[in-house]
$ cat structure_18.cif   # mmCIF, C-alpha atoms
data_final
loop_
_atom_site.group_PDB
_atom_site.id
_atom_site.type_symbol
_atom_site.label_atom_id
_atom_site.label_comp_id
_atom_site.auth_asym_id
_atom_site.auth_seq_id
_atom_site.Cartn_x
_atom_site.Cartn_y
_atom_site.Cartn_z
ATOM 1 C CA MET Q 1 114.384 124.385 106.648
ATOM 2 C CA PRO Q 2 114.717 122.230 103.493
ATOM 3 C CA GLU Q 3 112.541 123.209 100.562
ATOM 4 C CA THR Q 4 109.558 121.188 99.397
ATOM 5 C CA GLY Q 5 110.557 118.695 96.710
ATOM 6 C CA SER Q 6 109.163 118.596 93.201
ATOM 7 C CA ARG Q 7 105.910 116.733 92.588
ATOM 8 C CA GLN Q 8 106.533 113.014 92.128
ATOM 9 C CA SER Q 9 103.145 111.582 93.076
ATOM 10 C CA SER Q 10 100.098 112.649 95.042
ATOM 11 C CA ARG Q 11 101.571 111.253 98.242
ATOM 12 C CA ASP Q 12 104.894 112.969 97.742
ATOM 13 C CA SER Q 13 103.556 116.329 96.630
ATOM 14 C CA TYR Q 14 103.312 117.630 100.185
ATOM 15 C CA CYS Q 15 106.266 115.700 101.610
ATOM 16 C CA LEU Q 16 109.762 117.152 101.789
ATOM 17 C CA THR Q 17 112.648 115.706 99.820
ATOM 18 C CA CYS Q 18 115.470 115.596 102.366
ATOM 19 C CA SER Q 19 118.636 113.555 102.681
ATOM 20 C CA ASP Q 20 119.457 111.711 105.884
ATOM 21 C CA ASP Q 21 122.085 114.382 106.577
ATOM 22 C CA ASP Q 22 119.407 117.075 106.208
ATOM 23 C CA LEU Q 23 117.234 115.273 108.721
ATOM 24 C CA LYS Q 24 120.100 114.757 111.163
ATOM 25 C CA ALA Q 25 120.748 118.504 111.092
ATOM 26 C CA VAL Q 26 117.063 119.186 111.733
ATOM 27 C CA ALA Q 27 117.067 116.688 114.609
ATOM 28 C CA GLN Q 28 120.023 118.450 116.205
ATOM 29 C CA THR Q 29 118.248 121.803 115.979
ATOM 30 C CA ILE Q 30 115.096 120.314 117.516
ATOM 31 C CA ARG Q 31 117.105 118.701 120.322
ATOM 32 C CA GLU Q 32 118.778 122.038 121.118
ATOM 33 C CA SER Q 33 115.399 123.801 121.038
ATOM 34 C CA ILE Q 34 113.895 121.322 123.497
ATOM 35 C CA LEU Q 35 116.706 121.818 125.985
ATOM 36 C CA THR Q 36 116.668 125.605 125.706
ATOM 37 C CA THR Q 37 112.875 125.834 125.829
ATOM 38 C CA VAL Q 38 112.344 123.773 128.987
ATOM 39 C CA SER Q 39 115.376 125.234 130.749
ATOM 40 C CA ASN Q 40 114.316 128.833 130.136
ATOM 41 C CA ALA Q 41 110.742 128.046 131.181
ATOM 42 C CA GLY Q 42 111.756 126.100 134.276
ATOM 43 C CA VAL Q 43 109.095 123.557 133.422
ATOM 44 C CA GLY Q 44 108.648 120.678 130.973
ATOM 45 C CA HIS Q 45 109.619 117.091 130.295
ATOM 46 C CA PRO Q 46 113.026 116.806 128.608
ATOM 47 C CA GLY Q 47 113.588 113.042 128.958
ATOM 48 C CA GLY Q 48 110.700 111.788 126.835
ATOM 49 C CA SER Q 49 110.942 114.758 124.490
ATOM 50 C CA LEU Q 50 114.570 114.028 123.618
ATOM 51 C CA SER Q 51 113.808 110.344 123.027
ATOM 52 C CA ALA Q 52 111.216 111.251 120.380
ATOM 53 C CA VAL Q 53 113.313 113.687 118.320
ATOM 54 C CA GLU Q 54 114.249 111.442 115.393
ATOM 55 C CA ILE Q 55 110.722 110.022 115.236
ATOM 56 C CA LEU Q 56 109.188 113.489 114.948
ATOM 57 C CA THR Q 57 111.868 114.667 112.527
ATOM 58 C CA THR Q 58 111.252 111.728 110.204
ATOM 59 C CA LEU Q 59 107.499 112.183 110.352
ATOM 60 C CA TYR Q 60 107.381 115.924 109.753
ATOM 61 C CA PHE Q 61 110.237 116.179 107.253
ATOM 62 C CA SER Q 62 109.801 112.958 105.293
ATOM 63 C CA GLU Q 63 106.556 111.087 105.914
ATOM 64 C CA LEU Q 64 103.552 113.305 106.613
ATOM 65 C CA ARG Q 65 101.501 114.912 103.830
ATOM 66 C CA ILE Q 66 101.055 118.322 105.439
ATOM 67 C CA ASP Q 67 101.176 121.973 104.444
ATOM 68 C CA PRO Q 68 102.231 124.557 107.079
ATOM 69 C CA ALA Q 69 100.471 127.247 105.038
ATOM 70 C CA ARG Q 70 97.217 125.278 105.339
ATOM 71 C CA PRO Q 71 97.170 123.564 108.755
ATOM 72 C CA ASP Q 72 93.439 122.837 108.310
ATOM 73 C CA TRP Q 73 93.794 121.298 104.829
ATOM 74 C CA GLN Q 74 91.114 118.589 104.857
ATOM 75 C CA THR Q 75 93.055 115.782 103.193
ATOM 76 C CA ARG Q 76 96.272 116.244 105.198
ATOM 77 C CA ASP Q 77 97.734 113.392 107.181
ATOM 78 C CA ARG Q 78 97.121 113.647 110.925
ATOM 79 C CA PHE Q 79 99.638 113.324 113.735
ATOM 80 C CA ILE Q 80 98.620 112.883 117.378
ATOM 81 C CA LEU Q 81 101.094 113.292 120.216
ATOM 82 C CA SER Q 82 99.382 110.955 122.655
ATOM 83 C CA LYS Q 83 102.248 111.400 125.159
ATOM 84 C CA GLY Q 84 101.301 115.063 125.455
ATOM 85 C CA HIS Q 85 103.902 115.846 128.116
ATOM 86 C CA ALA Q 86 106.514 115.714 125.300
ATOM 87 C CA SER Q 87 105.036 118.938 123.943
ATOM 88 C CA SER Q 88 108.402 120.726 123.852
ATOM 89 C CA ALA Q 89 109.500 118.241 121.176
ATOM 90 C CA LEU Q 90 106.332 118.815 119.155
ATOM 91 C CA TYR Q 91 106.555 122.611 119.430
ATOM 92 C CA ALA Q 92 110.220 122.606 118.384
ATOM 93 C CA THR Q 93 109.296 120.428 115.391
ATOM 94 C CA LEU Q 94 106.345 122.615 114.409
ATOM 95 C CA ALA Q 95 108.595 125.682 114.618
ATOM 96 C CA GLU Q 96 111.255 124.096 112.436
ATOM 97 C CA ARG Q 97 108.645 122.910 109.914
ATOM 98 C CA GLY Q 98 107.063 126.354 109.634
ATOM 99 C CA PHE Q 99 103.759 125.928 111.483
ATOM 100 C CA ILE Q 100 104.655 128.398 114.241
ATOM 101 C CA SER Q 101 107.297 131.068 114.755
ATOM 102 C CA PRO Q 102 110.435 129.903 116.581
ATOM 103 C CA ASP Q 103 110.067 133.047 118.709
ATOM 104 C CA LEU Q 104 107.028 131.474 120.339
ATOM 105 C CA LEU Q 105 109.241 128.847 121.989
ATOM 106 C CA THR Q 106 110.459 131.515 124.433
ATOM 107 C CA THR Q 107 106.891 131.766 125.787
ATOM 108 C CA PHE Q 108 106.564 128.045 126.580
ATOM 109 C CA GLY Q 109 104.632 127.388 129.786
ATOM 110 C CA LYS Q 110 103.903 131.037 130.505
ATOM 111 C CA ILE Q 111 100.436 132.273 131.464
ATOM 112 C CA ASN Q 112 98.390 133.135 128.339
ATOM 113 C CA SER Q 113 101.037 131.621 126.044
ATOM 114 C CA LEU Q 114 99.847 129.604 123.065
ATOM 115 C CA LEU Q 115 102.421 126.987 124.032
ATOM 116 C CA GLN Q 116 101.268 125.384 127.234
ATOM 117 C CA VAL Q 117 102.991 122.389 128.852
ATOM 118 C CA HIS Q 118 100.368 120.160 127.234
ATOM 119 C CA PRO Q 119 99.366 121.066 123.656
ATOM 120 C CA ASP Q 120 96.101 122.872 122.946
ATOM 121 C CA MET Q 121 94.469 122.214 119.576
ATOM 122 C CA HIS Q 122 92.551 125.518 119.795
ATOM 123 C CA LYS Q 123 95.706 127.605 120.088
ATOM 124 C CA VAL Q 124 98.539 125.973 118.161
ATOM 125 C CA PRO Q 125 98.464 125.448 114.364
ATOM 126 C CA GLY Q 126 99.381 121.866 113.552
ATOM 127 C CA VAL Q 127 98.152 120.391 116.843
ATOM 128 C CA GLU Q 128 95.349 117.996 115.923
ATOM 129 C CA ILE Q 129 94.073 117.190 119.417
ATOM 130 C CA SER Q 130 94.695 118.457 122.945
ATOM 131 C CA THR Q 131 96.549 115.756 124.855
ATOM 132 C CA GLY Q 132 97.861 115.234 128.340
ATOM 133 C CA ALA Q 133 95.653 112.581 129.890
ATOM 134 C CA LEU Q 134 97.628 109.510 128.869
ATOM 135 C CA GLY Q 135 96.027 106.703 126.904
ATOM 136 C CA LEU Q 136 93.493 108.729 124.934
ATOM 137 C CA GLY Q 137 95.497 109.553 121.812
ATOM 138 C CA LEU Q 138 95.095 106.180 120.148
ATOM 139 C CA SER Q 139 91.321 106.247 120.676
ATOM 140 C CA VAL Q 140 91.161 109.631 118.952
ATOM 141 C CA GLY Q 141 93.399 108.271 116.205
ATOM 142 C CA VAL Q 142 91.025 105.359 115.644
ATOM 143 C CA GLY Q 143 88.138 107.788 115.233
ATOM 144 C CA MET Q 144 90.099 109.971 112.825
ATOM 145 C CA ALA Q 145 91.273 106.990 110.779
ATOM 146 C CA LEU Q 146 87.763 105.531 110.587
ATOM 147 C CA ALA Q 147 86.318 108.887 109.494
ATOM 148 C CA ALA Q 148 89.094 109.304 106.931
ATOM 149 C CA LYS Q 149 88.317 105.875 105.473
ATOM 150 C CA GLN Q 150 84.730 106.973 104.931
ATOM 151 C CA ASP Q 151 85.348 110.547 103.786
ATOM 152 C CA TYR Q 152 88.674 110.320 101.920
ATOM 153 C CA PRO Q 153 89.191 106.764 100.673
ATOM 154 C CA ASP Q 154 92.210 105.741 98.631
ATOM 155 C CA LYS Q 155 91.807 106.351 94.919
ATOM 156 C CA PRO Q 156 94.179 105.620 92.019
ATOM 157 C CA GLY Q 157 96.903 108.267 92.149
ATOM 158 C CA GLU Q 158 95.230 109.955 95.124
ATOM 159 C CA PRO Q 159 96.158 108.509 98.511
ATOM 160 C CA GLY Q 160 93.753 108.672 101.416
ATOM 161 C CA VAL Q 161 94.399 110.339 104.735
ATOM 162 C CA ARG Q 162 96.776 108.561 107.097
ATOM 163 C CA VAL Q 163 96.810 108.965 110.878
ATOM 164 C CA TYR Q 164 99.929 108.604 113.048
ATOM 165 C CA VAL Q 165 99.874 108.369 116.858
ATOM 166 C CA LEU Q 166 102.962 108.593 119.078
ATOM 167 C CA LEU Q 167 102.603 106.721 122.369
ATOM 168 C CA GLY Q 168 104.878 106.429 125.366
ATOM 169 C CA ASP Q 169 105.816 102.981 126.610
ATOM 170 C CA GLY Q 170 104.554 103.721 130.126
ATOM 171 C CA GLU Q 171 101.362 104.919 128.462
ATOM 172 C CA CYS Q 172 100.866 101.416 127.096
ATOM 173 C CA GLN Q 173 100.039 100.351 130.662
ATOM 174 C CA GLU Q 174 96.693 102.123 130.188
ATOM 175 C CA GLY Q 175 93.761 99.830 129.450
ATOM 176 C CA VAL Q 176 92.171 102.290 127.030
ATOM 177 C CA VAL Q 177 95.167 101.859 124.700
ATOM 178 C CA TRP Q 178 94.261 98.213 124.224
ATOM 179 C CA GLU Q 179 90.556 98.934 123.757
ATOM 180 C CA ALA Q 180 91.552 101.276 120.940
ATOM 181 C CA ALA Q 181 93.957 98.667 119.540
ATOM 182 C CA MET Q 182 91.127 96.123 119.437
ATOM 183 C CA ALA Q 183 88.801 98.564 117.658
ATOM 184 C CA ALA Q 184 91.453 99.516 115.086
ATOM 185 C CA SER Q 185 91.987 95.883 114.193
ATOM 186 C CA HIS Q 186 88.255 95.190 114.032
ATOM 187 C CA TYR Q 187 87.736 98.014 111.534
ATOM 188 C CA LYS Q 188 90.835 97.060 109.510
ATOM 189 C CA LEU Q 189 92.299 100.560 109.762
ATOM 190 C CA ASP Q 190 95.326 100.197 107.517
ATOM 191 C CA ASN Q 191 95.575 104.008 107.424
ATOM 192 C CA LEU Q 192 96.424 104.089 111.148
ATOM 193 C CA VAL Q 193 100.001 103.870 112.420
ATOM 194 C CA ALA Q 194 100.885 103.789 116.111
ATOM 195 C CA ILE Q 195 104.475 104.503 117.116
ATOM 196 C CA VAL Q 196 105.671 103.475 120.577
ATOM 197 C CA ASP Q 197 108.564 105.521 121.955
ATOM 198 C CA TYR Q 198 110.075 102.526 123.759
ATOM 199 C CA ASN Q 199 112.666 104.235 125.965
ATOM 200 C CA GLN Q 200 111.867 101.844 128.850
ATOM 201 C CA VAL Q 201 111.782 104.552 131.536
ATOM 202 C CA GLN Q 202 108.752 106.346 132.964
ATOM 203 C CA LEU Q 203 108.188 108.927 135.702
ATOM 204 C CA TYR Q 204 109.092 106.799 138.707
ATOM 205 C CA GLY Q 205 111.565 104.358 137.227
ATOM 206 C CA PRO Q 206 112.011 101.543 134.696
ATOM 207 C CA VAL Q 207 108.839 100.471 132.918
ATOM 208 C CA SER Q 208 109.725 96.848 133.683
ATOM 209 C CA LYS Q 209 109.548 97.538 137.440
ATOM 210 C CA ILE Q 210 106.501 99.828 137.464
ATOM 211 C CA MET Q 211 104.387 97.504 135.292
ATOM 212 C CA GLU Q 212 106.043 95.279 132.710
ATOM 213 C CA ILE Q 213 104.626 95.591 129.191
ATOM 214 C CA ALA Q 214 106.900 93.041 127.508
ATOM 215 C CA PRO Q 215 106.557 91.110 125.298
ATOM 216 C CA LEU Q 216 105.264 94.268 123.635
ATOM 217 C CA ALA Q 217 105.450 93.118 120.012
ATOM 218 C CA ASP Q 218 103.527 89.928 120.802
ATOM 219 C CA LYS Q 219 100.820 91.926 122.567
ATOM 220 C CA TRP Q 220 100.225 94.120 119.511
ATOM 221 C CA ARG Q 221 100.253 91.069 117.213
ATOM 222 C CA SER Q 222 97.654 89.370 119.404
ATOM 223 C CA PHE Q 223 95.379 92.366 118.789
ATOM 224 C CA GLY Q 224 95.714 91.903 115.021
ATOM 225 C CA TRP Q 225 98.258 94.621 114.260
ATOM 226 C CA ALA Q 226 101.174 94.437 111.843
ATOM 227 C CA VAL Q 227 104.257 94.953 114.017
ATOM 228 C CA HIS Q 228 107.523 96.590 112.997
ATOM 229 C CA GLU Q 229 110.508 97.155 115.286
ATOM 230 C CA THR Q 230 113.299 99.608 114.601
ATOM 231 C CA GLN Q 231 116.017 101.744 116.159
ATOM 232 C CA GLY Q 232 114.214 104.948 117.041
ATOM 233 C CA HIS Q 233 117.259 107.205 116.689
ATOM 234 C CA ASP Q 234 118.276 105.902 113.251
ATOM 235 C CA ILE Q 235 116.632 108.145 110.678
ATOM 236 C CA ASP Q 236 117.380 105.857 107.740
ATOM 237 C CA ALA Q 237 115.853 102.907 109.615
ATOM 238 C CA LEU Q 238 112.794 104.965 110.514
ATOM 239 C CA ARG Q 239 112.280 106.070 106.906
ATOM 240 C CA SER Q 240 112.533 102.483 105.711
ATOM 241 C CA CYS Q 241 110.056 101.408 108.365
ATOM 242 C CA PHE Q 242 107.486 104.025 107.356
ATOM 243 C CA ASN Q 243 107.914 102.951 103.719
ATOM 244 C CA GLU Q 244 107.160 99.345 104.673
ATOM 245 C CA VAL Q 245 104.164 100.347 106.773
ATOM 246 C CA ARG Q 246 102.527 102.050 103.787
ATOM 247 C CA LYS Q 247 102.458 98.680 102.014
ATOM 248 C CA ILE Q 248 100.358 97.023 104.743
ATOM 249 C CA LYS Q 249 96.730 96.486 103.766
ATOM 250 C CA GLY Q 250 93.756 95.349 105.815
ATOM 251 C CA ARG Q 251 95.091 96.008 109.321
ATOM 252 C CA PRO Q 252 96.678 98.773 111.380
ATOM 253 C CA SER Q 253 100.423 98.975 111.970
ATOM 254 C CA VAL Q 254 102.542 99.709 114.999
ATOM 255 C CA ILE Q 255 106.191 100.719 114.979
ATOM 256 C CA ILE Q 256 108.026 99.869 118.189
ATOM 257 C CA ALA Q 257 110.857 102.393 118.180
ATOM 258 C CA HIS Q 258 113.670 101.456 120.559
ATOM 259 C CA THR Q 259 114.902 104.726 122.021
ATOM 260 C CA VAL Q 260 116.855 106.195 124.931
ATOM 261 C CA LYS Q 261 115.258 108.492 127.491
ATOM 262 C CA GLY Q 262 117.110 111.825 127.408
ATOM 263 C CA LYS Q 263 118.921 110.871 124.198
ATOM 264 C CA GLY Q 264 121.862 113.102 123.302
ATOM 265 C CA VAL Q 265 122.759 114.243 126.803
ATOM 266 C CA SER Q 266 124.843 111.672 128.668
ATOM 267 C CA PHE Q 267 123.863 112.786 132.174
ATOM 268 C CA MET Q 268 120.166 112.514 131.257
ATOM 269 C CA GLU Q 269 120.185 109.278 129.285
ATOM 270 C CA GLY Q 270 118.173 106.441 130.777
ATOM 271 C CA LYS Q 271 117.409 108.301 134.004
ATOM 272 C CA ALA Q 272 113.884 108.721 135.368
ATOM 273 C CA ALA Q 273 114.959 111.839 137.274
ATOM 274 C CA TRP Q 274 114.956 113.742 133.969
ATOM 275 C CA HIS Q 275 111.405 112.770 133.062
ATOM 276 C CA GLY Q 276 110.079 116.107 134.256
ATOM 277 C CA ARG Q 277 113.051 118.158 135.468
ATOM 278 C CA PRO Q 278 114.335 120.912 133.182
ATOM 279 C CA PRO Q 279 118.109 121.491 133.194
ATOM 280 C CA LYS Q 280 119.370 124.481 135.158
ATOM 281 C CA HIS Q 281 121.564 127.101 133.518
ATOM 282 C CA GLU Q 282 124.915 125.349 133.957
ATOM 283 C CA GLU Q 283 123.381 121.985 133.073
ATOM 284 C CA LEU Q 284 121.887 123.510 129.927
ATOM 285 C CA LYS Q 285 125.280 124.833 128.881
ATOM 286 C CA ASP Q 286 126.845 121.385 129.280
ATOM 287 C CA ALA Q 287 123.908 119.669 127.548
ATOM 288 C CA LEU Q 288 124.000 121.958 124.511
ATOM 289 C CA GLU Q 289 127.748 121.589 124.175
ATOM 290 C CA GLU Q 290 127.392 117.807 124.220
ATOM 291 C CA VAL Q 291 124.565 117.768 121.653
ATOM 292 C CA ARG Q 292 126.518 120.016 119.298
ATOM 293 C CA THR Q 293 129.764 118.058 119.717
ATOM 294 C CA CYS Q 294 128.140 114.675 119.164
ATOM 295 C CA ASN Q 295 126.616 115.847 115.889
ATOM 296 C CA GLN Q 296 129.734 117.366 114.346
#
$ encode --input "structure_18.cif" --output "structure tokens"
Amino acid sequence: MPETGSRQSSRDSYCLTCSDDDLKAVAQTIRESILTTVSNAGVGHPGGSLSAVEILTTLYFSELRIDPARPDWQTRDRFILSKGHASSALYATLAERGFISPDLLTTFGKINSLLQVHPDMHKVPGVEISTGALGLGLSVGVGMALAAKQDYPDKPGEPGVRVYVLLGDGECQEGVVWEAAMAASHYKLDNLVAIVDYNQVQLYGPVSKIMEIAPLADKWRSFGWAVHETQGHDIDALRSCFNEVRKIKGRPSVIIAHTVKGKGVSFMEGKAAWHGRPPKHEELKDALEEVRTCNQ
């Protein structure tokens, strides 16, 4: 794992200084960990976990003010995995960032393991809220962002707490998402950032056929949010987008990250069948070989 960079400002003092190449290497490791973890466990959701890899890598290794040695540090930034079924991606990221031991990944999904198929905030350091019931993460994020505004406001040279929520695109079919979006705009929560993993495939097929959510950007704008769209597998583009988001004042921001379900494994990409089916042994071997070859 890359070392923490030297102090440049209050915001940067707990962020890592990594090159894009560093982050690409981390993303490859996380992608391999996801595949191995769900395959060995025989349970999990590889499709939507693989689509979120670069998003999580950029957040945890470039954007978030966090300290693995102090997961309960009061003025840390908060991250909420609203699409809780992508827990294998979060666990792999937490392991790579130093919050948990990589050895724990071998216990994923087992009885009495800390790492259940949906994350448990009472068991796993770095997990801010237990998620699994889709649609609730943004509501929790609104509450956290509102509390942070009151308790830890921005001061000169001392940034306030920021809250980041990763949503699935199928999750945006939930009405509670839009209630939360309305509340965030009403309270002018410019310390709240929603990220939509827009891979366009959900459990039973294409999002457009199950329940169309387009035009997604216009919907968020109509609720008073600042909208940013980017390529969700381009780390440089993601970093630039997060930099722009920090400049927004007076309203919440959403990043619509265009991604590919099952990214990195050709026989998984864009296919609903891999939403919740772990690869078998021979499939894992082929998947890992492809991930490693594509990143050489």
$ closest_atom_pairs --input "structure_18.cif" --of "segment 146-201 of chain Q" --to "segment 220-226 of chain Q" --cutoff "10 Å" --atoms "all atoms listed in the file" --output "Markdown table"
| residue | atom | partner | partner_atom | distance |
| --- | --- | --- | --- | --- |
| Q:Trp178 | CA | Q:Phe223 | CA | 8.1 |
| Q:Glu179 | CA | Q:Phe223 | CA | 9.5 |
| Q:Ala180 | CA | Q:Phe223 | CA | 9.9 |
| Q:Ala181 | CA | Q:Phe223 | CA | 6.5 |
| Q:Met182 | CA | Q:Phe223 | CA | 5.7 |
| Q:Ala183 | CA | Q:Phe223 | CA | 9.1 |
| Q:Ala184 | CA | Q:Trp225 | CA | 8.4 |
| Q:Ser185 | CA | Q:Gly224 | CA | 5.5 |
| Q:His186 | CA | Q:Gly224 | CA | 8.2 |
| Q:Lys188 | CA | Q:Gly224 | CA | 9.0 |
| Q:Leu189 | CA | Q:Trp225 | CA | 9.5 |
| Q:Asp190 | CA | Q:Trp225 | CA | 9.2 |
| Q:Val193 | CA | Q:Ala226 | CA | 9.5 |
| Q:Ala194 | CA | Q:Trp225 | CA | 9.7 |
$ residues_around --input "structure_18.cif" --residues "Ala41 of chain Q" --least-positions-apart "4" --cutoff "12 Å" --atoms "only C-alpha atoms" --output "list of chain:residue names"
Q:Ser33, Q:Ile34, Q:Leu35, Q:Thr36, Q:Thr37, Q:His45, Q:Pro46, Q:Ser88, Q:Leu104, Q:Leu105, Q:Thr106, Q:Thr107, Q:Phe108, Q:Gly109, Q:Lys110, Q:Ile111, Q:Ser113, Q:Leu115, Q:Gln116, Q:Val117, Q:Arg277, Q:Pro278, Q:Pro279, Q:Lys280, Q:His281
$ residues_around --input "structure_18.cif" --residues "segment 248-260 of chain Q" --least-positions-apart "3" --cutoff "9 Å" --atoms "only C-alpha atoms" --output "NGL selection string"
:Q and (47-48 or 50-52 or 55 or 181 or 184-201 or 216-217 or 220 or 224-233 or 238 or 241-242 or 244-245 or 263-264 or 269-270)
$ resolve_selection --input "structure_18.cif" --expression "the PyMOL selection byres ((chain Q and resi 273) around 9)" --output "number ranges by chain"
Q: 47, 203-205, 268, 271-272, 274-277
$ resolve_selection --input "structure_18.cif" --expression "the PyMOL selection byres ((chain Q and resi 66-81) around 6)" --output "NGL selection string"
:Q and (14 or 64-65 or 82-84 or 98-99 or 126 or 161-166)
$ atom_distance --input "structure_18.cif" --atom1 "atom CA of Glu290 of chain Q" --atom2 "atom CA of Gly262 of chain Q"
12.3 Å
$ resolve_selection --input "structure_18.cif" --expression "the PyMOL selection byres ((chain Q and resi 28) around 10)" --output "PyMOL selection string"
chain Q and resi 23-27+29-34+53-54+57+264+288+291-292+294-296
$ closest_residue --input "structure_18.cif" --among "Q:Asp120, Q:Asp103, Q:Asp151, Q:Glu171" --to "Leu136 of chain Q" --atoms "only C-alpha atoms"
Q:Glu171
$ atom_distance --input "structure_18.cif" --atom1 "atom CA of Phe267 of chain Q" --atom2 "atom CA of Ala92 of chain Q"
21.7 Å
$ atom_distance --input "structure_18.cif" --atom1 "atom CA of Leu134 of chain Q" --atom2 "atom CA of Tyr60 of chain Q"
22.4 Å
$ closest_residue --input "structure_18.cif" --among "Q:Val177, Q:Gln202, Q:Gly132, Q:Gly160" --to "Leu146 of chain Q" --atoms "only C-alpha atoms"
Q:Gly160
$ decode --input "structure_18.cif" --residues "segment 191-208 of chain Q" --atoms "N, CA and C atoms" --output "PDB file, in the first residue's frame"
ATOM      1  N   ASN Q 191     -21.719  19.297   1.570  1.00  0.00           N
ATOM      2  CA  ASN Q 191     -20.729  18.322   2.049  1.00  0.00           C
ATOM      3  C   ASN Q 191     -21.166  16.886   1.769  1.00  0.00           C
ATOM      4  N   LEU Q 192     -22.212  16.733   0.956  1.00  0.00           N
ATOM      5  CA  LEU Q 192     -22.735  15.410   0.604  1.00  0.00           C
ATOM      6  C   LEU Q 192     -22.514  15.145  -0.881  1.00  0.00           C
ATOM      7  N   VAL Q 193     -21.927  13.992  -1.172  1.00  0.00           N
ATOM      8  CA  VAL Q 193     -21.677  13.587  -2.560  1.00  0.00           C
ATOM      9  C   VAL Q 193     -22.263  12.198  -2.781  1.00  0.00           C
ATOM     10  N   ALA Q 194     -23.204  12.100  -3.700  1.00  0.00           N
ATOM     11  CA  ALA Q 194     -23.717  10.793  -4.121  1.00  0.00           C
ATOM     12  C   ALA Q 194     -22.969  10.368  -5.379  1.00  0.00           C
ATOM     13  N   ILE Q 195     -22.662   9.090  -5.477  1.00  0.00           N
ATOM     14  CA  ILE Q 195     -22.032   8.548  -6.677  1.00  0.00           C
ATOM     15  C   ILE Q 195     -22.920   7.416  -7.178  1.00  0.00           C
ATOM     16  N   VAL Q 196     -23.365   7.494  -8.412  1.00  0.00           N
ATOM     17  CA  VAL Q 196     -24.185   6.434  -8.993  1.00  0.00           C
ATOM     18  C   VAL Q 196     -23.303   5.548  -9.860  1.00  0.00           C
ATOM     19  N   ASP Q 197     -23.239   4.276  -9.507  1.00  0.00           N
ATOM     20  CA  ASP Q 197     -22.521   3.274 -10.299  1.00  0.00           C
ATOM     21  C   ASP Q 197     -23.456   2.879 -11.447  1.00  0.00           C
ATOM     22  N   TYR Q 198     -23.329   3.608 -12.554  1.00  0.00           N
ATOM     23  CA  TYR Q 198     -24.295   3.501 -13.662  1.00  0.00           C
ATOM     24  C   TYR Q 198     -23.821   2.442 -14.656  1.00  0.00           C
ATOM     25  N   ASN Q 199     -23.945   1.156 -14.233  1.00  0.00           N
ATOM     26  CA  ASN Q 199     -23.523   0.070 -15.126  1.00  0.00           C
ATOM     27  C   ASN Q 199     -24.662  -0.453 -15.994  1.00  0.00           C
ATOM     28  N   GLN Q 200     -25.873   0.064 -15.757  1.00  0.00           N
ATOM     29  CA  GLN Q 200     -27.053  -0.157 -16.597  1.00  0.00           C
ATOM     30  C   GLN Q 200     -27.593  -1.590 -16.589  1.00  0.00           C
ATOM     31  N   VAL Q 201     -27.143  -2.395 -15.634  1.00  0.00           N
ATOM     32  CA  VAL Q 201     -27.652  -3.766 -15.515  1.00  0.00           C
ATOM     33  C   VAL Q 201     -27.970  -4.045 -14.058  1.00  0.00           C
ATOM     34  N   GLN Q 202     -29.137  -4.621 -13.789  1.00  0.00           N
ATOM     35  CA  GLN Q 202     -29.492  -5.017 -12.436  1.00  0.00           C
ATOM     36  C   GLN Q 202     -29.795  -6.507 -12.409  1.00  0.00           C
ATOM     37  N   LEU Q 203     -30.337  -6.998 -11.308  1.00  0.00           N
ATOM     38  CA  LEU Q 203     -30.457  -8.436 -11.074  1.00  0.00           C
ATOM     39  C   LEU Q 203     -31.111  -9.190 -12.234  1.00  0.00           C
ATOM     40  N   TYR Q 204     -32.225  -8.673 -12.738  1.00  0.00           N
ATOM     41  CA  TYR Q 204     -32.982  -9.431 -13.722  1.00  0.00           C
ATOM     42  C   TYR Q 204     -32.828  -8.943 -15.152  1.00  0.00           C
ATOM     43  N   GLY Q 205     -31.930  -8.009 -15.384  1.00  0.00           N
ATOM     44  CA  GLY Q 205     -31.724  -7.556 -16.750  1.00  0.00           C
ATOM     45  C   GLY Q 205     -31.354  -6.089 -16.827  1.00  0.00           C
ATOM     46  N   PRO Q 206     -31.426  -5.504 -18.039  1.00  0.00           N
ATOM     47  CA  PRO Q 206     -31.077  -4.094 -18.209  1.00  0.00           C
ATOM     48  C   PRO Q 206     -31.995  -3.178 -17.398  1.00  0.00           C
ATOM     49  N   VAL Q 207     -31.391  -2.172 -16.783  1.00  0.00           N
ATOM     50  CA  VAL Q 207     -32.168  -1.203 -16.015  1.00  0.00           C
ATOM     51  C   VAL Q 207     -33.255  -0.568 -16.881  1.00  0.00           C
ATOM     52  N   SER Q 208     -32.937  -0.314 -18.144  1.00  0.00           N
ATOM     53  CA  SER Q 208     -33.886   0.345 -19.039  1.00  0.00           C
ATOM     54  C   SER Q 208     -35.148  -0.479 -19.271  1.00  0.00           C
TER      55      SER Q 208
END
